[in-house]
file model25.cif (mmCIF, C-alpha atoms and all ligand atoms)
data_upload
loop_
_atom_site.group_PDB
_atom_site.id
_atom_site.type_symbol
_atom_site.label_atom_id
_atom_site.label_comp_id
_atom_site.auth_asym_id
_atom_site.auth_seq_id
_atom_site.Cartn_x
_atom_site.Cartn_y
_atom_site.Cartn_z
ATOM 1 C CA MET A 23 7.479 40.861 -35.676
ATOM 2 C CA LYS A 24 7.545 42.392 -32.192
ATOM 3 C CA GLY A 25 9.916 44.753 -30.452
ATOM 4 C CA PHE A 26 10.660 45.185 -26.748
ATOM 5 C CA ILE A 27 9.802 48.741 -25.771
ATOM 6 C CA HIS A 28 10.693 50.563 -22.562
ATOM 7 C CA SER A 29 8.415 53.610 -22.969
ATOM 8 C CA PHE A 30 7.065 56.351 -25.214
ATOM 9 C CA GLN A 31 7.207 60.133 -25.038
ATOM 10 C CA SER A 32 4.521 61.594 -27.252
ATOM 11 C CA LEU A 33 5.688 65.215 -27.626
ATOM 12 C CA GLY A 34 9.447 65.301 -27.082
ATOM 13 C CA ALA A 35 11.453 68.412 -27.895
ATOM 14 C CA THR A 36 15.015 67.361 -27.070
ATOM 15 C CA ASP A 37 15.755 64.353 -29.284
ATOM 16 C CA GLY A 38 16.155 65.766 -32.767
ATOM 17 C CA PRO A 39 14.591 68.729 -34.561
ATOM 18 C CA GLY A 40 11.020 69.905 -33.957
ATOM 19 C CA ILE A 41 8.387 68.088 -31.930
ATOM 20 C CA ARG A 42 8.947 64.339 -31.940
ATOM 21 C CA PHE A 43 7.296 61.128 -30.826
ATOM 22 C CA VAL A 44 10.090 59.323 -28.997
ATOM 23 C CA VAL A 45 10.236 55.535 -28.666
ATOM 24 C CA PHE A 46 12.647 54.254 -26.010
ATOM 25 C CA MET A 47 13.708 50.727 -26.904
ATOM 26 C CA GLN A 48 14.463 48.213 -24.172
ATOM 27 C CA GLY A 49 17.931 46.642 -23.978
ATOM 28 C CA CYS A 50 21.475 47.978 -24.139
ATOM 29 C CA ASN A 51 24.831 46.342 -24.877
ATOM 30 C CA LEU A 52 26.827 49.066 -23.097
ATOM 31 C CA ARG A 53 27.091 50.233 -19.485
ATOM 32 C CA CYS A 54 28.002 53.918 -19.572
ATOM 33 C CA GLY A 55 28.867 55.403 -16.184
ATOM 34 C CA CYS A 56 26.766 58.488 -16.955
ATOM 35 C CA CYS A 57 23.710 56.538 -18.172
ATOM 36 C CA HIS A 58 20.435 58.171 -17.152
ATOM 37 C CA ASN A 59 18.316 55.216 -18.292
ATOM 38 C CA PRO A 60 19.669 52.157 -16.432
ATOM 39 C CA ASP A 61 16.122 50.789 -16.421
ATOM 40 C CA THR A 62 16.449 50.230 -20.190
ATOM 41 C CA TRP A 63 19.538 47.983 -19.921
ATOM 42 C CA GLU A 64 17.990 44.534 -19.551
ATOM 43 C CA CYS A 65 17.262 42.812 -22.867
ATOM 44 C CA GLY A 66 14.162 40.740 -23.669
ATOM 45 C CA VAL A 67 11.860 42.453 -21.155
ATOM 46 C CA GLY A 68 9.464 45.401 -21.409
ATOM 47 C CA SER A 69 6.229 45.802 -23.356
ATOM 48 C CA GLU A 70 5.942 44.102 -26.724
ATOM 49 C CA PHE A 71 4.580 45.960 -29.753
ATOM 50 C CA THR A 72 4.480 45.366 -33.497
ATOM 51 C CA PRO A 73 5.873 48.067 -35.819
ATOM 52 C CA GLU A 74 2.314 48.619 -37.116
ATOM 53 C CA GLU A 75 0.987 49.288 -33.595
ATOM 54 C CA ILE A 76 3.631 51.929 -32.939
ATOM 55 C CA ALA A 77 3.307 53.530 -36.405
ATOM 56 C CA GLU A 78 -0.401 53.919 -35.717
ATOM 57 C CA LYS A 79 0.324 55.693 -32.399
ATOM 58 C CA VAL A 80 2.842 58.001 -34.099
ATOM 59 C CA GLU A 81 0.415 58.898 -36.873
ATOM 60 C CA ARG A 82 -2.015 60.317 -34.320
ATOM 61 C CA TYR A 83 0.533 63.057 -33.520
ATOM 62 C CA LYS A 84 1.367 63.902 -37.116
ATOM 63 C CA THR A 85 -0.258 67.347 -37.004
ATOM 64 C CA TYR A 86 2.096 68.398 -34.169
ATOM 65 C CA PHE A 87 5.254 67.499 -36.077
ATOM 66 C CA GLY A 88 5.262 70.481 -38.467
ATOM 67 C CA LYS A 89 7.980 70.508 -41.068
ATOM 68 C CA ASP A 90 10.895 69.406 -38.826
ATOM 69 C CA GLY A 91 9.402 66.931 -36.340
ATOM 70 C CA GLY A 92 8.664 63.221 -36.598
ATOM 71 C CA ILE A 93 9.643 60.006 -34.835
ATOM 72 C CA THR A 94 12.863 59.435 -32.869
ATOM 73 C CA VAL A 95 13.845 55.960 -31.751
ATOM 74 C CA SER A 96 16.168 56.014 -28.745
ATOM 75 C CA GLY A 97 16.921 53.668 -25.888
ATOM 76 C CA GLY A 98 18.544 51.652 -24.541
ATOM 77 C CA GLU A 99 20.278 50.832 -27.790
ATOM 78 C CA PRO A 100 17.941 50.701 -30.824
ATOM 79 C CA LEU A 101 20.548 48.886 -32.930
ATOM 80 C CA LEU A 102 20.001 45.728 -30.840
ATOM 81 C CA GLN A 103 16.547 45.545 -32.469
ATOM 82 C CA ALA A 104 17.549 47.009 -35.834
ATOM 83 C CA GLY A 105 15.213 44.774 -37.890
ATOM 84 C CA PHE A 106 12.242 45.994 -35.865
ATOM 85 C CA VAL A 107 13.253 49.662 -36.088
ATOM 86 C CA TYR A 108 13.802 49.280 -39.854
ATOM 87 C CA GLU A 109 10.220 48.122 -40.277
ATOM 88 C CA LEU A 110 8.862 50.871 -38.010
ATOM 89 C CA PHE A 111 10.793 53.574 -39.903
ATOM 90 C CA ARG A 112 9.705 52.156 -43.259
ATOM 91 C CA LEU A 113 6.050 52.441 -42.199
ATOM 92 C CA CYS A 114 6.538 55.963 -40.822
ATOM 93 C CA ARG A 115 8.271 57.198 -43.968
ATOM 94 C CA LYS A 116 5.440 55.787 -46.070
ATOM 95 C CA MET A 117 3.146 58.070 -44.045
ATOM 96 C CA GLY A 118 5.452 61.041 -44.679
ATOM 97 C CA ILE A 119 6.856 61.060 -41.126
ATOM 98 C CA ASN A 120 10.500 62.042 -40.666
ATOM 99 C CA THR A 121 12.650 59.370 -38.959
ATOM 100 C CA CYS A 122 15.522 59.921 -36.528
ATOM 101 C CA LEU A 123 17.720 57.309 -34.819
ATOM 102 C CA ASP A 124 19.453 58.074 -31.499
ATOM 103 C CA THR A 125 22.318 55.629 -30.997
ATOM 104 C CA SER A 126 25.709 54.915 -29.472
ATOM 105 C CA GLY A 127 26.795 53.506 -32.860
ATOM 106 C CA SER A 128 28.434 50.453 -31.317
ATOM 107 C CA ILE A 129 26.874 47.722 -33.496
ATOM 108 C CA ILE A 130 27.251 47.187 -37.247
ATOM 109 C CA ASN A 131 25.614 44.247 -39.021
ATOM 110 C CA ASP A 132 23.354 43.646 -42.032
ATOM 111 C CA ASP A 133 20.187 44.659 -40.143
ATOM 112 C CA VAL A 134 21.826 47.896 -39.052
ATOM 113 C CA LEU A 135 22.915 48.695 -42.620
ATOM 114 C CA ARG A 136 19.362 48.102 -43.813
ATOM 115 C CA LEU A 137 18.012 50.324 -41.033
ATOM 116 C CA LEU A 138 20.252 53.196 -42.151
ATOM 117 C CA SER A 139 18.471 53.185 -45.511
ATOM 118 C CA GLU A 140 15.295 54.328 -43.673
ATOM 119 C CA CYS A 141 16.912 56.976 -41.420
ATOM 120 C CA ASP A 142 16.390 60.654 -42.254
ATOM 121 C CA ARG A 143 18.727 61.716 -39.479
ATOM 122 C CA VAL A 144 20.991 60.113 -36.859
ATOM 123 C CA LEU A 145 21.917 61.426 -33.406
ATOM 124 C CA LEU A 146 25.246 59.746 -32.676
ATOM 125 C CA ASP A 147 26.721 59.772 -29.172
ATOM 126 C CA ILE A 148 30.469 60.217 -29.034
ATOM 127 C CA LYS A 149 30.901 60.089 -25.306
ATOM 128 C CA TYR A 150 34.647 60.772 -25.070
ATOM 129 C CA THR A 151 37.356 61.374 -27.632
ATOM 130 C CA ASP A 152 40.078 59.168 -26.165
ATOM 131 C CA GLU A 153 40.320 55.419 -26.223
ATOM 132 C CA GLU A 154 41.114 54.953 -22.544
ATOM 133 C CA SER A 155 37.982 56.781 -21.343
ATOM 134 C CA TYR A 156 35.811 54.967 -23.868
ATOM 135 C CA LYS A 157 37.006 51.567 -22.706
ATOM 136 C CA ARG A 158 36.745 52.505 -19.046
ATOM 137 C CA TYR A 159 33.492 54.490 -18.879
ATOM 138 C CA VAL A 160 31.491 53.123 -21.829
ATOM 139 C CA GLY A 161 32.691 49.558 -22.296
ATOM 140 C CA CYS A 162 33.669 49.598 -25.980
ATOM 141 C CA SER A 163 36.336 51.089 -28.209
ATOM 142 C CA LEU A 164 36.117 54.656 -29.553
ATOM 143 C CA SER A 165 36.633 53.068 -32.975
ATOM 144 C CA LYS A 166 33.020 51.753 -32.852
ATOM 145 C CA PRO A 167 31.180 55.110 -33.060
ATOM 146 C CA LEU A 168 33.867 56.428 -35.417
ATOM 147 C CA GLU A 169 33.308 53.484 -37.765
ATOM 148 C CA PHE A 170 29.574 54.128 -37.540
ATOM 149 C CA LEU A 171 30.153 57.783 -38.408
ATOM 150 C CA GLU A 172 32.020 56.677 -41.553
ATOM 151 C CA LEU A 173 28.909 54.744 -42.614
ATOM 152 C CA LEU A 174 26.777 57.843 -42.090
ATOM 153 C CA GLN A 175 29.250 59.871 -44.115
ATOM 154 C CA GLN A 176 29.272 57.339 -46.985
ATOM 155 C CA ARG A 177 25.470 57.408 -47.044
ATOM 156 C CA ASN A 178 25.302 61.169 -46.567
ATOM 157 C CA ILE A 179 22.838 60.857 -43.663
ATOM 158 C CA PRO A 180 22.388 64.151 -41.755
ATOM 159 C CA THR A 181 23.984 63.591 -38.358
ATOM 160 C CA TRP A 182 24.103 65.336 -35.009
ATOM 161 C CA LEU A 183 27.000 64.382 -32.748
ATOM 162 C CA ARG A 184 26.079 64.411 -29.069
ATOM 163 C CA GLN A 185 28.246 64.342 -25.968
ATOM 164 C CA VAL A 186 27.293 64.551 -22.306
ATOM 165 C CA THR A 187 29.712 66.967 -20.639
ATOM 166 C CA ILE A 188 31.032 65.567 -17.347
ATOM 167 C CA PRO A 189 33.376 67.709 -15.228
ATOM 168 C CA ALA A 190 36.844 66.171 -14.819
ATOM 169 C CA LEU A 191 36.179 63.544 -17.489
ATOM 170 C CA ASN A 192 35.532 65.379 -20.742
ATOM 171 C CA ASP A 193 35.092 69.083 -19.993
ATOM 172 C CA ASP A 194 38.647 69.933 -21.052
ATOM 173 C CA GLU A 195 39.302 72.012 -24.158
ATOM 174 C CA GLU A 196 41.447 69.279 -25.684
ATOM 175 C CA ASN A 197 38.501 66.860 -25.757
ATOM 176 C CA ILE A 198 36.175 69.508 -27.179
ATOM 177 C CA ARG A 199 38.693 70.390 -29.893
ATOM 178 C CA ARG A 200 39.025 66.705 -30.832
ATOM 179 C CA LEU A 201 35.229 66.434 -31.007
ATOM 180 C CA ARG A 202 35.123 69.539 -33.191
ATOM 181 C CA ASP A 203 37.801 68.024 -35.476
ATOM 182 C CA ILE A 204 35.796 64.812 -35.836
ATOM 183 C CA ALA A 205 32.757 66.889 -36.815
ATOM 184 C CA LYS A 206 34.751 69.009 -39.255
ATOM 185 C CA ALA A 207 36.139 65.929 -41.016
ATOM 186 C CA HIS A 208 32.623 64.644 -41.799
ATOM 187 C CA SER A 209 30.377 66.738 -44.025
ATOM 188 C CA CYS A 210 27.306 64.730 -42.915
ATOM 189 C CA VAL A 211 27.572 66.337 -39.444
ATOM 190 C CA GLU A 212 25.056 69.181 -39.214
ATOM 191 C CA LYS A 213 25.500 69.948 -35.557
ATOM 192 C CA VAL A 214 27.357 69.077 -32.340
ATOM 193 C CA GLU A 215 25.306 69.094 -29.149
ATOM 194 C CA LEU A 216 26.930 69.244 -25.722
ATOM 195 C CA LEU A 217 24.488 68.088 -23.060
ATOM 196 C CA PRO A 218 25.233 68.921 -19.405
ATOM 197 C CA PHE A 219 25.632 65.870 -17.156
ATOM 198 C CA ARG A 220 22.705 65.588 -14.726
ATOM 199 C CA LYS A 221 22.076 63.393 -11.701
ATOM 200 C CA ILE A 222 18.281 63.246 -11.681
ATOM 201 C CA CYS A 223 18.559 59.572 -12.672
ATOM 202 C CA LYS A 224 20.024 58.687 -9.239
ATOM 203 C CA SER A 225 16.627 57.532 -7.960
ATOM 204 C CA LYS A 226 16.422 54.997 -10.802
ATOM 205 C CA TYR A 227 19.708 53.428 -9.636
ATOM 206 C CA ASP A 228 18.435 53.475 -6.035
ATOM 207 C CA ASN A 229 15.205 51.751 -7.068
ATOM 208 C CA MET A 230 17.216 49.108 -8.910
ATOM 209 C CA GLY A 231 19.449 48.626 -5.851
ATOM 210 C CA ILE A 232 22.629 49.393 -7.786
ATOM 211 C CA GLU A 233 25.280 52.050 -7.426
ATOM 212 C CA PHE A 234 25.194 55.141 -9.678
ATOM 213 C CA PRO A 235 28.837 55.032 -10.791
ATOM 214 C CA PHE A 236 29.048 58.751 -11.610
ATOM 215 C CA GLU A 237 27.406 60.068 -8.469
ATOM 216 C CA LYS A 238 30.780 61.424 -7.364
ATOM 217 C CA TYR A 239 31.093 63.753 -10.373
ATOM 218 C CA ASP A 240 29.763 67.309 -10.311
ATOM 219 C CA VAL A 241 27.315 68.710 -12.821
ATOM 220 C CA PRO A 242 28.885 71.343 -15.123
ATOM 221 C CA SER A 243 28.227 75.039 -14.490
ATOM 222 C CA GLN A 244 26.446 77.183 -17.067
ATOM 223 C CA SER A 245 29.638 79.158 -17.647
ATOM 224 C CA VAL A 246 31.619 75.985 -18.472
ATOM 225 C CA MET A 247 28.912 74.865 -20.906
ATOM 226 C CA LYS A 248 28.939 78.295 -22.525
ATOM 227 C CA ARG A 249 32.727 78.261 -22.941
ATOM 228 C CA LEU A 250 32.795 74.741 -24.402
ATOM 229 C CA ASN A 251 29.923 75.557 -26.768
ATOM 230 C CA GLU A 252 31.883 78.560 -28.003
ATOM 231 C CA ILE A 253 34.843 76.312 -28.885
ATOM 232 C CA ILE A 254 32.539 73.910 -30.731
ATOM 233 C CA LYS A 255 31.056 76.750 -32.792
HETATM 234 S S1 LIG B 301 24.405 53.468 -24.585
HETATM 235 FE FE1 LIG B 301 22.824 54.816 -23.736
HETATM 236 S S2 LIG B 301 21.355 53.459 -22.708
HETATM 237 FE FE2 LIG B 301 23.222 52.268 -23.089
HETATM 238 S S3 LIG B 301 24.382 52.463 -21.193
HETATM 239 FE FE3 LIG B 301 25.104 54.051 -22.576
HETATM 240 S S4 LIG B 301 23.894 55.870 -22.072
HETATM 241 FE FE4 LIG B 301 22.834 54.083 -21.193
#

call {"tool": "encode", "arguments": {"input": "model25.cif", "output": "structure tokens"}}
result
Amino acid sequence: MKGFIHSFQSLGATDGPGIRFVVFMQGCNLRCGCCHNPDTWECGVGSEFTPEEIAEKVERYKTYFGKDGGITVSGGEPLLQAGFVYELFRLCRKMGINTCLDTSGSIINDDVLRLLSECDRVLLDIKYTDEESYKRYVGCSLSKPLEFLELLQQRNIPTWLRQVTIPALNDDEENIRRLRDIAKAHSCVEKVELLPFRKICKSKYDNMGIEFPFEKYDVPSQSVMKRLNEIIK
């Protein structure tokens, strides 16, 4: 079995707890306007690796992981290659390495359900809290990540909800309160992370010769982030 991989980050500190080896999978089924990894969108391209080859790479960093760290598989959308990620996580867990999945939660099938049985933690993106924005700026229904969250709740998988804060689109208190209510209604949610929208990915869009759809939006100020984080708490 082989998976299509975009890239690796050997000592990541922003995708889950502790120090983590991050695997960015190639391929995504969505087209979020705020996406900072458009180079991961295309399916069926990228470098090919077996789960064993990646598990071996991850093992080399085991001493850095401490008690909280481990492997995070991100993307792109890892659920498009759920069978591959299942096998990779199974191998990592056998070696005592903590597994974390970073996903948009937009795909549910038998492979995905099997993958969840090998996840120690899930980082679930809930990009907006209203249906209209989800359809318009993500390309799927809000019901998709919410359905996925129900699965995490049923399986009691520790979950972090993540949202990129974009001025004028989701930096209003109403959205943040709705996000807080979603978190409160699910005991599997350990944490809600608000990540400030950034535009450093613009050069990737330029290199690909496509328009960065959210170039026109501002980045949020520190004071706005502080205020919204206070509401979430
Ligand atoms: S799900 Fe992630 S990788 Fe896919 S388009 Fe959205 S932000 Fe980009």

call {"tool": "atom_distance", "arguments": {"input": "model25.cif", "atom1": "atom CA of A:Val186", "atom2": "atom CA of A:Asp132"}}
result
29.0 Å

call {"tool": "residues_near_ligand", "arguments": {"input": "model25.cif", "ligand": "ligand LIG 301 (chain B)", "cutoff": "6 Å", "atoms": "all atoms listed in the file", "output": "MDAnalysis selection string"}}
result
chainID A and resid 50 52:54 57 59 97:99 126

call {"tool": "resolve_selection", "arguments": {"input": "model25.cif", "expression": "the PyMOL selection byres (((chain A and resi 48) around 8) and not hetatm)", "output": "list in words"}}
result
Phe26, Ile27, His28, Phe46, Met47, Gly49, Cys50, Thr62, Trp63, Glu64, Cys65, Gly66, Val67, Gly68, Gly97, Gly98, Glu99 and Pro100 of chain A

call {"tool": "atom_distance", "arguments": {"input": "model25.cif", "atom1": "atom CA of A:Ile198", "atom2": "atom CA of A:Ser128"}}
result
21.0 Å

call {"tool": "atom_distance", "arguments": {"input": "model25.cif", "atom1": "atom CA of A:Val144", "atom2": "atom CA of A:Asp124"}}
result
5.9 Å

call {"tool": "closest_residue", "arguments": {"input": "model25.cif", "among": "A:Phe43, A:Asp203, A:Gly91, A:Asn51", "to": "A:Lys79", "atoms": "all atoms listed in the file"}}
result
A:Phe43

call {"tool": "resolve_selection", "arguments": {"input": "model25.cif", "expression": "the PyMOL selection byres (((chain A and resi 123) around 12) and not hetatm)", "output": "number ranges by chain"}}
result
A: 37-39, 42-47, 92-101, 104, 107-108, 110-111, 120-122, 124-127, 134, 137-147, 174, 179-183

call {"tool": "write_last_selection", "arguments": {"input": "model25.cif", "atoms": "C-alpha atoms", "output": "mmCIF file, in the coordinates of the input"}}
result
data_model
loop_
_atom_site.group_PDB
_atom_site.id
_atom_site.type_symbol
_atom_site.label_atom_id
_atom_site.label_comp_id
_atom_site.auth_asym_id
_atom_site.auth_seq_id
_atom_site.Cartn_x
_atom_site.Cartn_y
_atom_site.Cartn_z
ATOM 1 C CA ASP A 37 15.755 64.353 -29.284
ATOM 2 C CA GLY A 38 16.155 65.766 -32.767
ATOM 3 C CA PRO A 39 14.591 68.729 -34.561
ATOM 4 C CA ARG A 42 8.947 64.339 -31.940
ATOM 5 C CA PHE A 43 7.296 61.128 -30.826
ATOM 6 C CA VAL A 44 10.090 59.323 -28.997
ATOM 7 C CA VAL A 45 10.236 55.535 -28.666
ATOM 8 C CA PHE A 46 12.647 54.254 -26.010
ATOM 9 C CA MET A 47 13.708 50.727 -26.904
ATOM 10 C CA GLY A 92 8.664 63.221 -36.598
ATOM 11 C CA ILE A 93 9.643 60.006 -34.835
ATOM 12 C CA THR A 94 12.863 59.435 -32.869
ATOM 13 C CA VAL A 95 13.845 55.960 -31.751
ATOM 14 C CA SER A 96 16.168 56.014 -28.745
ATOM 15 C CA GLY A 97 16.921 53.668 -25.888
ATOM 16 C CA GLY A 98 18.544 51.652 -24.541
ATOM 17 C CA GLU A 99 20.278 50.832 -27.790
ATOM 18 C CA PRO A 100 17.941 50.701 -30.824
ATOM 19 C CA LEU A 101 20.548 48.886 -32.930
ATOM 20 C CA ALA A 104 17.549 47.009 -35.834
ATOM 21 C CA VAL A 107 13.253 49.662 -36.088
ATOM 22 C CA TYR A 108 13.802 49.280 -39.854
ATOM 23 C CA LEU A 110 8.862 50.871 -38.010
ATOM 24 C CA PHE A 111 10.793 53.574 -39.903
ATOM 25 C CA ASN A 120 10.500 62.042 -40.666
ATOM 26 C CA THR A 121 12.650 59.370 -38.959
ATOM 27 C CA CYS A 122 15.522 59.921 -36.528
ATOM 28 C CA ASP A 124 19.453 58.074 -31.499
ATOM 29 C CA THR A 125 22.318 55.629 -30.997
ATOM 30 C CA SER A 126 25.709 54.915 -29.472
ATOM 31 C CA GLY A 127 26.795 53.506 -32.860
ATOM 32 C CA VAL A 134 21.826 47.896 -39.052
ATOM 33 C CA LEU A 137 18.012 50.324 -41.033
ATOM 34 C CA LEU A 138 20.252 53.196 -42.151
ATOM 35 C CA SER A 139 18.471 53.185 -45.511
ATOM 36 C CA GLU A 140 15.295 54.328 -43.673
ATOM 37 C CA CYS A 141 16.912 56.976 -41.420
ATOM 38 C CA ASP A 142 16.390 60.654 -42.254
ATOM 39 C CA ARG A 143 18.727 61.716 -39.479
ATOM 40 C CA VAL A 144 20.991 60.113 -36.859
ATOM 41 C CA LEU A 145 21.917 61.426 -33.406
ATOM 42 C CA LEU A 146 25.246 59.746 -32.676
ATOM 43 C CA ASP A 147 26.721 59.772 -29.172
ATOM 44 C CA LEU A 174 26.777 57.843 -42.090
ATOM 45 C CA ILE A 179 22.838 60.857 -43.663
ATOM 46 C CA PRO A 180 22.388 64.151 -41.755
ATOM 47 C CA THR A 181 23.984 63.591 -38.358
ATOM 48 C CA TRP A 182 24.103 65.336 -35.009
ATOM 49 C CA LEU A 183 27.000 64.382 -32.748
#

call {"tool": "resolve_selection", "arguments": {"input": "model25.cif", "expression": "the PyMOL selection byres (((chain A and resi 243-249) around 8) and not hetatm)", "output": "number ranges by chain"}}
result
A: 187, 193, 216, 218, 241-242, 250-253

call {"tool": "closest_residue", "arguments": {"input": "model25.cif", "among": "A:Gln185, A:Asn131, A:Ser225, A:Ser163", "to": "A:Ile148", "atoms": "all atoms listed in the file"}}
result
A:Gln185

call {"tool": "residues_near_point", "arguments": {"input": "model25.cif", "point": "(29.5, 70.6, -36.1)", "cutoff": "9 Å", "atoms": "only C-alpha atoms", "output": "JSON list (two decimals) with C-alpha atoms, in the coordinates of the input"}}
result
[["chain", "number", "residue", "atom", "x", "y", "z"],
["A", 182, "TRP", "CA", 24.10, 65.34, -35.01],
["A", 183, "LEU", "CA", 27.00, 64.38, -32.75],
["A", 201, "LEU", "CA", 35.23, 66.43, -31.01],
["A", 202, "ARG", "CA", 35.12, 69.54, -33.19],
["A", 203, "ASP", "CA", 37.80, 68.02, -35.48],
["A", 204, "ILE", "CA", 35.80, 64.81, -35.84],
["A", 205, "ALA", "CA", 32.76, 66.89, -36.82],
["A", 206, "LYS", "CA", 34.75, 69.01, -39.26],
["A", 208, "HIS", "CA", 32.62, 64.64, -41.80],
["A", 209, "SER", "CA", 30.38, 66.74, -44.02],
["A", 211, "VAL", "CA", 27.57, 66.34, -39.44],
["A", 212, "GLU", "CA", 25.06, 69.18, -39.21],
["A", 213, "LYS", "CA", 25.50, 69.95, -35.56],
["A", 214, "VAL", "CA", 27.36, 69.08, -32.34],
["A", 215, "GLU", "CA", 25.31, 69.09, -29.15],
["A", 254, "ILE", "CA", 32.54, 73.91, -30.73],
["A", 255, "LYS", "CA", 31.06, 76.75, -32.79]]

call {"tool": "closest_residue", "arguments": {"input": "model25.cif", "among": "A:Cys223, A:Ile119, A:Cys162, A:Leu171", "to": "A:Phe236", "atoms": "only C-alpha atoms"}}
result
A:Cys223
